[in-house]
Amino acid sequence: AAAVAPAEVAVAESPERVLDRLVVADELTRLPDPQREILRLAFYADLTHTQIAEHTGLPLGTVKSHLRRGMQSLRAQLDRTPEEVTDEAPGPRSARAARP
């Protein structure tokens, strides 16, 4: 089958898309471990909530809560204005700039 299948055409990603991937990956490192792991399983491993619960041994409700809180945290971090962005090292943030 591989001999007759058409070769996949390598398509270069736009610089904006590459930058978006890097920003999301960086923001994921700032989440608490359980949220980061569950988001990774949901979006990179493409597992369902039930599969994540089975894989981690966590209750389904806990998986859903971690996923929701993790997405809220990512959204809040990605919605920051450029003035709020700093060159902090990855890790939990202790102080957040107040929005005007």
# chains A, B, ... in the order shown; residues from 1 in each chain; ligands from 1
>>> residues_around(residues="A:Gly70", least_positions_apart="3", cutoff="8 Å", atoms="only C-alpha atoms", output="list in words")
Leu31, Gln35, Arg36, Leu39, His66, Leu67, Ser73 and Leu74 of chain A
>>> write_last_selection(atoms="C-alpha atoms", output="PDB file, in the first residue's frame")
ATOM      1  CA  LEU A  31       0.291  25.408  34.338  1.00  0.00           C
ATOM      2  CA  GLN A  35      -3.697  20.559  34.290  1.00  0.00           C
ATOM      3  CA  ARG A  36      -0.706  20.471  31.952  1.00  0.00           C
ATOM      4  CA  LEU A  39      -4.358  19.243  28.388  1.00  0.00           C
ATOM      5  CA  HIS A  66      -8.643  20.207  35.398  1.00  0.00           C
ATOM      6  CA  LEU A  67      -9.280  20.587  31.680  1.00  0.00           C
ATOM      7  CA  SER A  73      -5.687  29.758  32.596  1.00  0.00           C
ATOM      8  CA  LEU A  74      -4.311  29.448  29.070  1.00  0.00           C
TER       9      LEU A  74
END
>>> atom_distance(atom1="atom CA of A:Pro59", atom2="atom CA of A:Ile38")
12.2 Å
>>> atom_distance(atom1="atom CA of A:Glu37", atom2="atom CA of A:Ala25")
12.2 Å
>>> atom_distance(atom1="atom CA of A:Tyr44", atom2="atom CA of A:Glu27")
14.8 Å
>>> closest_residue(among="A:Arg17, A:Ala12, A:Val24, A:Ile52", to="A:Asp79", atoms="only C-alpha atoms")
A:Val24
>>> select_by_dssp(residues="stretch 1-72 of chain A", states="helix (DSSP H, G or I)", output="ChimeraX atom specification")
/A:15-29,33-43,49-56,60-72
>>> write_last_selection(atoms="N, CA and C atoms", output="short mmCIF file (atom, residue, chain, number, x, y, z; two decimals), in the first residue's frame")
data_model
loop_
_atom_site.label_atom_id
_atom_site.label_comp_id
_atom_site.auth_asym_id
_atom_site.auth_seq_id
_atom_site.Cartn_x
_atom_site.Cartn_y
_atom_site.Cartn_z
N PRO A 15 5.09 31.41 9.53
CA PRO A 15 5.80 31.86 10.73
C PRO A 15 4.84 32.18 11.88
N GLU A 16 3.66 32.71 11.55
CA GLU A 16 2.68 33.03 12.59
C GLU A 16 2.21 31.78 13.30
N ARG A 17 1.97 30.71 12.54
CA ARG A 17 1.50 29.45 13.13
C ARG A 17 2.59 28.83 14.01
N VAL A 18 3.83 28.89 13.55
CA VAL A 18 4.94 28.37 14.35
C VAL A 18 5.06 29.17 15.65
N LEU A 19 4.93 30.48 15.57
CA LEU A 19 5.01 31.33 16.75
C LEU A 19 3.86 30.99 17.71
N ASP A 20 2.66 30.81 17.18
CA ASP A 20 1.51 30.44 18.02
C ASP A 20 1.79 29.13 18.76
N ARG A 21 2.35 28.15 18.07
CA ARG A 21 2.67 26.87 18.71
C ARG A 21 3.68 27.05 19.84
N LEU A 22 4.68 27.88 19.61
CA LEU A 22 5.70 28.13 20.63
C LEU A 22 5.11 28.85 21.84
N VAL A 23 4.25 29.81 21.61
CA VAL A 23 3.63 30.55 22.70
C VAL A 23 2.76 29.62 23.53
N VAL A 24 1.94 28.78 22.88
CA VAL A 24 1.08 27.85 23.61
C VAL A 24 1.94 26.86 24.39
N ALA A 25 2.98 26.32 23.77
CA ALA A 25 3.86 25.37 24.46
C ALA A 25 4.49 26.01 25.69
N ASP A 26 4.91 27.27 25.56
CA ASP A 26 5.50 27.98 26.70
C ASP A 26 4.47 28.18 27.80
N GLU A 27 3.26 28.58 27.44
CA GLU A 27 2.22 28.80 28.44
C GLU A 27 1.82 27.50 29.12
N LEU A 28 1.86 26.39 28.40
CA LEU A 28 1.56 25.09 29.02
C LEU A 28 2.54 24.78 30.14
N THR A 29 3.80 25.17 29.99
CA THR A 29 4.79 24.89 31.03
C THR A 29 4.49 25.64 32.32
N ASP A 33 1.04 20.85 37.23
CA ASP A 33 1.26 19.55 36.59
C ASP A 33 -0.01 18.82 36.16
N PRO A 34 -1.02 18.69 37.04
CA PRO A 34 -2.21 17.93 36.61
C PRO A 34 -2.91 18.56 35.41
N GLN A 35 -3.04 19.88 35.41
CA GLN A 35 -3.70 20.56 34.29
C GLN A 35 -2.89 20.41 33.01
N ARG A 36 -1.58 20.58 33.12
CA ARG A 36 -0.71 20.47 31.95
C ARG A 36 -0.80 19.08 31.34
N GLU A 37 -0.73 18.05 32.19
CA GLU A 37 -0.78 16.67 31.70
C GLU A 37 -2.11 16.36 31.03
N ILE A 38 -3.20 16.81 31.62
CA ILE A 38 -4.52 16.53 31.05
C ILE A 38 -4.72 17.28 29.74
N LEU A 39 -4.28 18.51 29.66
CA LEU A 39 -4.36 19.24 28.39
C LEU A 39 -3.49 18.58 27.32
N ARG A 40 -2.32 18.11 27.71
CA ARG A 40 -1.44 17.43 26.76
C ARG A 40 -2.11 16.17 26.23
N LEU A 41 -2.72 15.39 27.12
CA LEU A 41 -3.39 14.16 26.69
C LEU A 41 -4.60 14.46 25.81
N ALA A 42 -5.32 15.53 26.12
CA ALA A 42 -6.51 15.87 25.34
C ALA A 42 -6.16 16.39 23.95
N PHE A 43 -5.16 17.26 23.85
CA PHE A 43 -4.90 17.92 22.59
C PHE A 43 -3.76 17.33 21.78
N HIS A 49 -12.17 12.56 27.28
CA HIS A 49 -12.16 12.75 28.74
C HIS A 49 -12.16 11.39 29.44
N THR A 50 -12.97 10.46 28.96
CA THR A 50 -13.03 9.13 29.56
C THR A 50 -11.70 8.41 29.44
N GLN A 51 -11.06 8.51 28.28
CA GLN A 51 -9.76 7.86 28.09
C GLN A 51 -8.70 8.48 29.00
N ILE A 52 -8.75 9.78 29.19
CA ILE A 52 -7.80 10.45 30.08
C ILE A 52 -8.01 9.96 31.51
N ALA A 53 -9.27 9.85 31.92
CA ALA A 53 -9.57 9.35 33.27
C ALA A 53 -9.03 7.94 33.46
N GLU A 54 -9.20 7.09 32.46
CA GLU A 54 -8.68 5.72 32.54
C GLU A 54 -7.15 5.72 32.56
N HIS A 55 -6.55 6.56 31.74
CA HIS A 55 -5.09 6.62 31.63
C HIS A 55 -4.44 7.13 32.92
N THR A 56 -5.06 8.14 33.54
CA THR A 56 -4.47 8.77 34.73
C THR A 56 -4.96 8.16 36.04
N LEU A 60 -13.55 10.99 36.39
CA LEU A 60 -13.91 11.74 35.19
C LEU A 60 -14.21 13.20 35.51
N GLY A 61 -14.91 13.47 36.61
CA GLY A 61 -15.21 14.85 36.99
C GLY A 61 -13.96 15.67 37.27
N THR A 62 -12.96 15.03 37.86
CA THR A 62 -11.69 15.71 38.13
C THR A 62 -10.97 16.04 36.83
N VAL A 63 -11.00 15.11 35.89
CA VAL A 63 -10.38 15.34 34.58
C VAL A 63 -11.05 16.54 33.92
N LYS A 64 -12.37 16.57 33.93
CA LYS A 64 -13.10 17.68 33.30
C LYS A 64 -12.80 19.01 34.00
N SER A 65 -12.71 18.98 35.32
CA SER A 65 -12.39 20.21 36.07
C SER A 65 -10.99 20.72 35.75
N HIS A 66 -10.01 19.81 35.74
CA HIS A 66 -8.64 20.21 35.40
C HIS A 66 -8.57 20.76 33.98
N LEU A 67 -9.28 20.13 33.07
CA LEU A 67 -9.28 20.59 31.68
C LEU A 67 -9.89 21.99 31.57
N ARG A 68 -11.00 22.20 32.24
CA ARG A 68 -11.67 23.50 32.19
C ARG A 68 -10.79 24.59 32.81
N ARG A 69 -10.24 24.31 34.00
CA ARG A 69 -9.38 25.32 34.65
C ARG A 69 -8.11 25.57 33.83
N GLY A 70 -7.54 24.53 33.27
CA GLY A 70 -6.35 24.71 32.44
C GLY A 70 -6.62 25.56 31.22
N MET A 71 -7.76 25.33 30.57
CA MET A 71 -8.13 26.14 29.40
C MET A 71 -8.38 27.59 29.80
N GLN A 72 -9.02 27.79 30.95
CA GLN A 72 -9.26 29.16 31.43
C GLN A 72 -7.94 29.86 31.71
#
